[in-house]
Each structure stands twice: as structure tokens, then as C-alpha cells.
file coords_1.csv (CSV, N, CA and C atoms)
chain,number,residue,atom,x,y,z
P,1,MET,N,162.8,162.8,30.4
P,1,MET,CA,163.6,161.9,29.7
P,1,MET,C,163.1,160.5,30.2
P,2,ALA,N,162.8,159.6,29.3
P,2,ALA,CA,162.4,158.3,29.7
P,2,ALA,C,163.6,157.4,30.2
P,3,ARG,N,163.3,156.7,31.2
P,3,ARG,CA,164.4,155.9,31.8
P,3,ARG,C,164.3,154.5,31.1
P,4,ASP,N,165.5,153.9,30.9
P,4,ASP,CA,165.6,152.7,30.2
P,4,ASP,C,165.5,151.6,31.3
P,5,PRO,N,164.3,150.8,31.3
P,5,PRO,CA,164.1,149.8,32.3
P,5,PRO,C,165.1,148.6,32.1
P,6,SER,N,165.7,148.5,31.0
P,6,SER,CA,166.6,147.4,30.8
P,6,SER,C,168.0,147.6,31.5
P,7,ARG,N,168.2,148.8,32.0
P,7,ARG,CA,169.5,149.1,32.7
P,7,ARG,C,169.2,149.1,34.2
P,8,SER,N,170.1,148.5,34.9
P,8,SER,CA,169.9,148.5,36.4
P,8,SER,C,171.3,148.6,37.0
P,9,PHE,N,171.3,148.9,38.2
P,9,PHE,CA,172.6,149.0,39.0
P,9,PHE,C,172.4,148.6,40.4
P,10,PHE,N,173.4,148.2,41.1
P,10,PHE,CA,173.4,147.9,42.5
P,10,PHE,C,173.6,149.1,43.3
P,11,ALA,N,172.9,149.3,44.4
P,11,ALA,CA,173.0,150.4,45.3
P,11,ALA,C,172.8,150.0,46.7
P,12,PRO,N,173.5,150.7,47.6
P,12,PRO,CA,173.2,150.3,49.1
P,12,PRO,C,171.8,150.7,49.5
P,13,LEU,N,171.3,150.1,50.5
P,13,LEU,CA,169.9,150.3,51.0
P,13,LEU,C,169.6,151.7,51.3
P,14,TRP,N,170.6,152.5,51.7
P,14,TRP,CA,170.3,153.9,52.0
P,14,TRP,C,170.4,154.8,50.8
P,15,TYR,N,170.6,154.3,49.7
P,15,TYR,CA,170.8,155.1,48.4
P,15,TYR,C,169.7,156.1,48.2
P,16,GLU,N,168.4,155.7,48.3
P,16,GLU,CA,167.3,156.7,47.9
P,16,GLU,C,167.2,157.8,49.0
P,17,GLU,N,167.8,157.6,50.1
P,17,GLU,CA,167.6,158.7,51.2
P,17,GLU,C,168.9,159.4,51.4
P,18,PHE,N,169.9,159.2,50.6
P,18,PHE,CA,171.1,159.9,50.7
P,18,PHE,C,171.0,161.4,50.3
P,19,PRO,N,171.2,162.3,51.2
P,19,PRO,CA,171.1,163.8,50.9
P,19,PRO,C,172.3,164.4,50.3
P,20,CYS,N,172.1,165.4,49.5
P,20,CYS,CA,173.2,166.1,48.9
P,20,CYS,C,173.9,166.9,50.0
P,21,LYS,N,175.2,166.9,50.1
P,21,LYS,CA,175.9,167.6,51.1
P,21,LYS,C,176.5,168.9,50.6
P,22,SER,N,176.2,169.2,49.3
P,22,SER,CA,176.7,170.5,48.7
P,22,SER,C,178.1,170.8,48.9
P,23,SER,N,178.5,172.0,49.3
P,23,SER,CA,179.8,172.4,49.4
P,23,SER,C,180.6,171.6,50.5
P,24,SER,N,180.0,170.9,51.4
P,24,SER,CA,180.7,170.2,52.5
P,24,SER,C,181.0,168.8,52.0
P,25,CYS,N,180.6,168.4,50.8
P,25,CYS,CA,180.9,167.0,50.3
P,25,CYS,C,182.3,166.8,50.0
P,26,ARG,N,182.8,165.7,50.4
P,26,ARG,CA,184.2,165.3,50.1
P,26,ARG,C,184.4,164.4,48.9
P,27,ALA,N,183.3,164.0,48.3
P,27,ALA,CA,183.3,163.1,47.2
P,27,ALA,C,183.9,163.9,46.0
P,28,LEU,N,184.5,163.1,45.1
P,28,LEU,CA,185.2,163.7,43.9
P,28,LEU,C,184.4,163.5,42.7
P,29,CYS,N,183.1,163.2,42.8
P,29,CYS,CA,182.3,162.8,41.6
P,29,CYS,C,182.2,164.0,40.6
P,30,CYS,N,182.1,165.2,41.1
P,30,CYS,CA,181.9,166.3,40.2
P,30,CYS,C,183.1,167.3,40.3
P,31,LYS,N,184.2,166.8,40.8
P,31,LYS,CA,185.4,167.7,40.9
P,31,LYS,C,186.6,167.0,40.1
P,32,ARG,N,187.2,167.9,39.3
P,32,ARG,CA,188.4,167.5,38.6
P,32,ARG,C,188.2,166.4,37.6
P,33,ARG,N,187.0,166.3,37.1
P,33,ARG,CA,186.7,165.3,36.0
P,33,ARG,C,185.7,165.8,35.0
P,34,HIS,N,185.7,165.3,33.8
P,34,HIS,CA,184.7,165.6,32.8
P,34,HIS,C,183.5,164.7,33.1
P,35,ILE,N,182.3,165.2,32.9
P,35,ILE,CA,181.1,164.5,33.1
P,35,ILE,C,180.5,164.2,31.7
P,36,ALA,N,180.4,163.0,31.4
P,36,ALA,CA,179.9,162.6,30.0
P,36,ALA,C,178.3,162.7,29.9
P,37,LEU,N,177.9,163.2,28.8
P,37,LEU,CA,176.4,163.3,28.5
P,37,LEU,C,176.2,162.5,27.2
P,38,SER,N,175.2,161.7,27.2
P,38,SER,CA,174.8,161.0,26.0
P,38,SER,C,174.1,162.0,25.0
P,39,ILE,N,174.0,161.5,23.8
P,39,ILE,CA,173.3,162.4,22.8
P,39,ILE,C,171.9,162.8,23.3
P,40,ASN,N,171.2,161.8,23.9
P,40,ASN,CA,169.8,162.1,24.4
P,40,ASN,C,169.8,163.1,25.5
P,41,GLU,N,170.8,162.9,26.4
P,41,GLU,CA,170.9,163.9,27.6
P,41,GLU,C,171.2,165.3,27.1
P,42,TYR,N,172.1,165.4,26.1
P,42,TYR,CA,172.5,166.6,25.6
P,42,TYR,C,171.3,167.3,24.9
P,43,SER,N,170.6,166.6,24.1
P,43,SER,CA,169.4,167.1,23.4
P,43,SER,C,168.4,167.5,24.4
P,44,TRP,N,168.2,166.7,25.5
P,44,TRP,CA,167.2,167.0,26.5
P,44,TRP,C,167.5,168.4,27.2
P,45,LEU,N,168.8,168.6,27.4
P,45,LEU,CA,169.1,169.9,28.1
P,45,LEU,C,168.7,171.1,27.2
P,46,TRP,N,168.9,171.0,25.9
P,46,TRP,CA,168.6,172.1,25.1
P,46,TRP,C,167.1,172.3,24.9
P,47,GLY,N,166.3,171.3,25.2
P,47,GLY,CA,164.8,171.4,25.1
P,47,GLY,C,164.1,171.8,26.4
P,48,MET,N,164.8,171.8,27.5
P,48,MET,CA,164.2,172.1,28.8
P,48,MET,C,163.9,173.6,28.9
P,49,GLU,N,162.8,173.8,29.7
P,49,GLU,CA,162.5,175.2,30.1
P,49,GLU,C,163.3,175.5,31.3
P,50,ILE,N,164.3,176.3,31.2
P,50,ILE,CA,165.2,176.7,32.3
P,50,ILE,C,165.5,178.2,32.2
P,51,SER,N,166.1,178.7,33.3
P,51,SER,CA,166.3,180.1,33.4
P,51,SER,C,167.4,180.5,32.3
P,52,GLU,N,167.4,181.8,31.9
P,52,GLU,CA,168.3,182.3,31.0
P,52,GLU,C,169.7,182.2,31.5
P,53,GLU,N,169.9,182.4,32.8
P,53,GLU,CA,171.2,182.3,33.5
P,53,GLU,C,171.8,180.8,33.3
P,54,LEU,N,170.9,179.9,33.6
P,54,LEU,CA,171.4,178.5,33.5
P,54,LEU,C,171.7,178.1,32.0
P,55,HIS,N,170.8,178.6,31.1
P,55,HIS,CA,171.1,178.4,29.7
P,55,HIS,C,172.4,178.9,29.2
P,56,ARG,N,172.8,180.1,29.7
P,56,ARG,CA,174.1,180.7,29.3
P,56,ARG,C,175.2,179.9,29.9
P,57,ARG,N,175.0,179.4,31.1
P,57,ARG,CA,176.1,178.6,31.7
P,57,ARG,C,176.3,177.3,31.0
P,58,ILE,N,175.2,176.7,30.6
P,58,ILE,CA,175.3,175.4,29.8
P,58,ILE,C,176.0,175.6,28.5
P,59,GLU,N,175.7,176.7,27.8
P,59,GLU,CA,176.3,177.0,26.5
P,59,GLU,C,177.8,177.0,26.6
P,60,GLY,N,178.4,177.5,27.6
P,60,GLY,CA,179.9,177.6,27.7
P,60,GLY,C,180.5,176.4,28.5
P,61,SER,N,179.8,175.4,28.7
P,61,SER,CA,180.3,174.3,29.6
P,61,SER,C,180.7,173.0,28.9
P,62,PHE,N,180.5,172.9,27.6
P,62,PHE,CA,180.7,171.6,27.0
P,62,PHE,C,182.1,171.6,26.3
P,63,SER,N,182.6,170.4,26.2
P,63,SER,CA,183.7,170.1,25.3
P,63,SER,C,183.4,168.8,24.6
P,64,LEU,N,184.2,168.5,23.6
P,64,LEU,CA,184.0,167.3,22.8
P,64,LEU,C,185.0,166.2,23.3
P,65,PRO,N,184.5,165.0,23.5
P,65,PRO,CA,185.4,163.9,23.9
P,65,PRO,C,186.3,163.6,22.7
P,66,GLU,N,187.5,163.0,22.9
P,66,GLU,CA,188.3,162.6,21.8
P,66,GLU,C,187.6,161.7,20.8
P,67,ILE,N,186.9,160.8,21.3
P,67,ILE,CA,186.1,159.9,20.5
P,67,ILE,C,184.6,160.0,21.0
P,68,THR,N,183.7,160.4,20.1
P,68,THR,CA,182.3,160.6,20.5
P,68,THR,C,181.6,159.3,20.2
P,69,SER,N,180.5,159.1,21.0
P,69,SER,CA,179.6,158.0,20.8
P,69,SER,C,178.2,158.4,21.3
P,70,GLU,N,177.2,157.6,21.1
P,70,GLU,CA,175.9,158.0,21.6
P,70,GLU,C,175.9,158.2,23.1
P,71,GLU,N,176.7,157.4,23.8
P,71,GLU,CA,176.7,157.5,25.3
P,71,GLU,C,177.7,158.5,25.8
P,72,ARG,N,178.6,158.9,25.0
P,72,ARG,CA,179.7,159.9,25.4
P,72,ARG,C,179.7,161.0,24.3
P,73,TYR,N,178.6,161.8,24.2
P,73,TYR,CA,178.5,162.7,23.0
P,73,TYR,C,179.1,164.1,23.4
P,74,ARG,N,178.9,164.6,24.6
P,74,ARG,CA,179.6,165.8,25.0
P,74,ARG,C,180.0,165.6,26.5
P,75,LEU,N,180.9,166.5,26.9
P,75,LEU,CA,181.4,166.5,28.3
P,75,LEU,C,181.1,167.8,28.9
P,76,PHE,N,180.7,167.8,30.2
P,76,PHE,CA,180.8,169.0,31.0
P,76,PHE,C,182.2,169.1,31.4
P,77,SER,N,182.9,170.2,31.1
P,77,SER,CA,184.3,170.3,31.4
P,77,SER,C,184.5,171.1,32.7
P,78,PRO,N,185.4,170.6,33.6
P,78,PRO,CA,185.6,171.3,34.9
P,78,PRO,C,186.0,172.8,34.6
P,79,ASN,N,185.5,173.7,35.5
P,79,ASN,CA,185.9,175.1,35.4
P,79,ASN,C,187.4,175.2,36.0
P,80,TRP,N,187.9,176.4,36.0
P,80,TRP,CA,189.3,176.6,36.4
P,80,TRP,C,189.5,176.3,37.9
P,81,PHE,N,188.4,176.1,38.7
P,81,PHE,CA,188.5,175.7,40.1
P,81,PHE,C,188.6,174.2,40.1
P,82,GLY,N,188.3,173.5,39.0
P,82,GLY,CA,188.3,172.1,39.0
P,82,GLY,C,186.9,171.5,39.3
P,83,ASN,N,185.9,172.3,39.4
P,83,ASN,CA,184.5,171.9,39.7
P,83,ASN,C,183.7,171.8,38.5
P,84,CYS,N,182.6,171.0,38.6
P,84,CYS,CA,181.6,170.9,37.5
P,84,CYS,C,181.1,172.4,37.3
P,85,PRO,N,181.0,172.8,36.0
P,85,PRO,CA,180.5,174.2,35.8
P,85,PRO,C,179.0,174.4,36.2
P,86,MET,N,178.3,173.3,36.6
P,86,MET,CA,176.9,173.5,37.0
P,86,MET,C,176.8,173.8,38.5
P,87,PHE,N,177.9,173.8,39.2
P,87,PHE,CA,177.9,174.2,40.6
P,87,PHE,C,177.5,175.6,40.8
P,88,ASP,N,176.7,175.9,41.8
P,88,ASP,CA,176.4,177.3,42.2
P,88,ASP,C,177.4,177.7,43.3
P,89,ALA,N,177.3,178.9,43.8
P,89,ALA,CA,178.2,179.4,44.8
P,89,ALA,C,178.1,178.5,46.1
P,90,ASP,N,177.0,177.8,46.4
P,90,ASP,CA,176.9,177.0,47.5
P,90,ASP,C,177.3,175.6,47.3
P,91,GLY,N,177.8,175.3,46.1
P,91,GLY,CA,178.2,173.9,45.8
P,91,GLY,C,177.1,173.0,45.4
P,92,LEU,N,175.9,173.6,45.1
P,92,LEU,CA,174.8,172.8,44.7
P,92,LEU,C,174.7,172.8,43.1
P,93,CYS,N,174.1,171.7,42.6
P,93,CYS,CA,174.0,171.6,41.1
P,93,CYS,C,172.8,172.5,40.6
P,94,LEU,N,173.1,173.4,39.7
P,94,LEU,CA,172.0,174.2,39.2
P,94,LEU,C,171.0,173.4,38.4
P,95,LEU,N,171.5,172.4,37.7
P,95,LEU,CA,170.5,171.6,37.0
P,95,LEU,C,169.5,170.9,37.9
P,96,LYS,N,170.0,170.4,39.0
P,96,LYS,CA,169.2,169.7,40.0
P,96,LYS,C,168.3,170.7,40.7
P,97,LYS,N,168.8,171.9,41.0
P,97,LYS,CA,167.9,172.9,41.6
P,97,LYS,C,166.8,173.4,40.8
P,98,GLU,N,167.0,173.5,39.5
P,98,GLU,CA,165.9,174.0,38.6
P,98,GLU,C,165.0,172.9,38.1
P,99,ALA,N,165.6,171.8,37.8
P,99,ALA,CA,164.7,170.8,37.1
P,99,ALA,C,164.8,169.4,37.8
P,100,CYS,N,165.4,169.3,39.0
P,100,CYS,CA,165.5,168.1,39.8
P,100,CYS,C,166.2,167.0,39.0
P,101,ASP,N,166.0,165.8,39.2
P,101,ASP,CA,166.8,164.7,38.7
P,101,ASP,C,166.6,164.5,37.2
P,102,GLU,N,165.5,165.0,36.6
P,102,GLU,CA,165.2,164.8,35.2
P,102,GLU,C,166.3,165.4,34.3
P,103,ALA,N,167.0,166.5,34.8
P,103,ALA,CA,167.9,167.2,33.9
P,103,ALA,C,169.3,166.6,34.1
P,104,LEU,N,169.6,165.8,35.0
P,104,LEU,CA,170.9,165.3,35.3
P,104,LEU,C,171.4,164.2,34.3
P,105,PRO,N,172.7,164.3,33.9
P,105,PRO,CA,173.2,163.2,33.2
P,105,PRO,C,173.1,161.9,34.0
P,106,ALA,N,173.1,160.7,33.4
P,106,ALA,CA,173.0,159.5,34.1
P,106,ALA,C,174.0,159.3,35.2
P,107,VAL,N,175.3,159.7,34.9
P,107,VAL,CA,176.3,159.5,35.9
P,107,VAL,C,176.0,160.3,37.2
P,108,CYS,N,175.4,161.4,37.0
P,108,CYS,CA,175.0,162.3,38.2
P,108,CYS,C,173.8,161.7,38.9
P,109,ARG,N,172.8,161.2,38.1
P,109,ARG,CA,171.6,160.6,38.7
P,109,ARG,C,171.9,159.4,39.5
P,110,LEU,N,172.9,158.6,39.1
P,110,LEU,CA,173.3,157.4,39.8
P,110,LEU,C,174.1,157.6,41.0
P,111,PHE,N,174.8,158.7,41.1
P,111,PHE,CA,175.5,159.0,42.3
P,111,PHE,C,174.5,159.4,43.4
P,112,PRO,N,174.8,158.9,44.6
P,112,PRO,CA,173.9,159.2,45.7
P,112,PRO,C,173.6,160.7,46.0
P,113,GLY,N,172.4,161.1,45.6
P,113,GLY,CA,172.0,162.5,45.9
P,113,GLY,C,170.5,162.5,45.8
P,114,ALA,N,169.8,162.8,46.9
P,114,ALA,CA,168.4,162.7,47.0
P,114,ALA,C,167.6,164.0,46.7
P,115,CYS,N,166.8,163.9,45.7
P,115,CYS,CA,165.9,165.1,45.4
P,115,CYS,C,164.6,164.9,46.1
P,116,THR,N,164.0,165.9,46.6
P,116,THR,CA,162.8,165.8,47.4
P,116,THR,C,161.6,165.5,46.5
P,117,GLY,N,161.7,165.7,45.2
P,117,GLY,CA,160.6,165.6,44.3
P,117,GLY,C,160.0,166.9,43.9
P,118,ARG,N,160.3,167.9,44.6
P,118,ARG,CA,159.7,169.2,44.3
P,118,ARG,C,160.8,170.0,43.5
P,119,THR,N,160.4,170.5,42.4
P,119,THR,CA,161.4,171.3,41.5
P,119,THR,C,162.1,172.3,42.4
P,120,GLY,N,163.4,172.3,42.3
P,120,GLY,CA,164.2,173.3,43.0
P,120,GLY,C,164.5,173.0,44.4
P,121,SER,N,164.1,171.8,44.9
P,121,SER,CA,164.3,171.5,46.3
P,121,SER,C,165.4,170.4,46.5
P,122,ILE,N,166.3,170.6,47.3
P,122,ILE,CA,167.4,169.7,47.6
P,122,ILE,C,167.3,169.3,49.1
P,123,SER,N,167.3,168.0,49.4
P,123,SER,CA,167.3,167.6,50.7
P,123,SER,C,168.4,168.1,51.5
P,124,PRO,N,168.2,168.6,52.8
P,124,PRO,CA,169.3,169.1,53.6
P,124,PRO,C,170.3,167.9,54.0
P,125,PRO,N,171.5,168.2,54.2
P,125,PRO,CA,172.5,167.2,54.6
P,125,PRO,C,172.2,166.6,56.0

call {"tool": "encode", "arguments": {"input": "coords_1.csv", "output": "C-alpha cells"}}
result
Amino acid sequence: MARDPSRSFFAPLWYEEFPCKSSSCRALCCKRRHIALSINEYSWLWGMEISEELHRRIEGSFSLPEITSEERYRLFSPNWFGNCPMFDADGLCLLKKEACDEALPAVCRLFPGACTGRTGSISPP
């Protein structure tokens, strides 16, 4: 997915080296909230080469926002534990594990989480 160079954000100096803490993370970024996907991100997910297991999980994870837009086209809805449905048993993101940052919605990519650059590799905490 092409990044939009016209968009920028401020981040602390340590941002690019911040490791995912998986299940020991206390942040609430992926807990008890809906995660918005743009129409481009939603379309990108369906075109990716991913495992059948992840494809099935994605199929049952979306809900419609009350008002849709290009930037808020679909939502990842929390599961009954209140977590993002893309979490695996270890608290890691299945999208990030299989396709690294390219598969993540913008809100997830912008949250501090460092991918090593190798598909399926997450930096240790």
C-alpha cells in the first residue's frame, strides 16, 4: 500500500525502535475499541496473500460504522474479551506477524510498534 507523503505526524525520538510488548502491554490501543479502516486499507486486506486461517478471521471481524467515509469505511470490532480480533493467543497481531506493517490500518501503524522488516518477525520487548 502506497504511503501518502503529504501526511505526517509527530513522534518521540524512540518511536522507530519501540518494540511490541504483546500480551504484557498495558496500552489500550487495541483493547475495548473499534479500529477504523479506510476503504483502501479494507481493499488491501482482501487482496493480500495471507493464510486461510487469517482470511477466515478477517471475514468475521468487521462491522459497519454508523456513518461511513473513505477514511472510516469498516471497523475491526472487539471480540467478546474486548480485544482486537486480530490478536493471537500470545497477544500479537496476526496481520503484523504475517505481512508486517504493510497490512496494518494506519492507526495501528502509527502506534509505537517496531517491525524488524522480515515478514512474520516482531521485535522482542

call {"tool": "atom_distance", "arguments": {"input": "coords_1.csv", "atom1": "atom N of Val107 of chain P", "atom2": "atom N of Asn40 of chain P"}}
result
11.9 Å

call {"tool": "atom_distance", "arguments": {"input": "coords_1.csv", "atom1": "atom CA of Ile39 of chain P", "atom2": "atom C of Gly82 of chain P"}}
result
23.2 Å

call {"tool": "closest_residue", "arguments": {"input": "coords_1.csv", "among": "P:Met86, P:Leu110, P:Cys100, P:Leu37", "to": "Ile58 of chain P", "atoms": "all atoms listed in the file"}}
result
P:Met86

call {"tool": "closest_residue", "arguments": {"input": "coords_1.csv", "among": "P:Glu59, P:Glu52, P:Pro105, P:Ser38", "to": "Glu71 of chain P", "atoms": "only N, CA and C atoms"}}
result
P:Ser38

call {"tool": "closest_residue", "arguments": {"input": "coords_1.csv", "among": "P:Arg74, P:Leu94, P:Ala36, P:Ser51", "to": "Ala106 of chain P", "atoms": "only N, CA and C atoms"}}
result
P:Ala36

call {"tool": "select_by_dssp", "arguments": {"input": "coords_1.csv", "residues": "segment 38-90 of chain P", "states": "strand (DSSP E or B)", "output": "ChimeraX atom specification"}}
result
/P:62-63,74-76,83,87

call {"tool": "select_by_dssp", "arguments": {"input": "coords_1.csv", "residues": "segment 36-112 of chain P", "states": "alpha helix (DSSP H)", "output": "list in words"}}
result
Ile39, Asn40, Glu41, Tyr42, Ser43, Trp44, Leu45, Trp46, Gly47, Glu52, Glu53, Leu54, His55, Arg56, Arg57, Ile58, Glu59, Leu94, Leu95, Lys96, Lys97, Glu98, Ala99, Ala106, Val107, Cys108, Arg109 and Leu110 of chain P

call {"tool": "atom_distance", "arguments": {"input": "coords_1.csv", "atom1": "atom C of Glu70 of chain P", "atom2": "atom CA of Glu41 of chain P"}}
result
8.8 Å

call {"tool": "closest_residue", "arguments": {"input": "coords_1.csv", "among": "P:Asp88, P:Leu64, P:Ala99, P:Arg33", "to": "Ile50 of chain P", "atoms": "all atoms listed in the file"}}
result
P:Ala99

call {"tool": "closest_residue", "arguments": {"input": "coords_1.csv", "among": "P:Leu75, P:Ile67, P:Cys84, P:Leu54", "to": "Glu98 of chain P", "atoms": "only C-alpha atoms"}}
result
P:Leu54
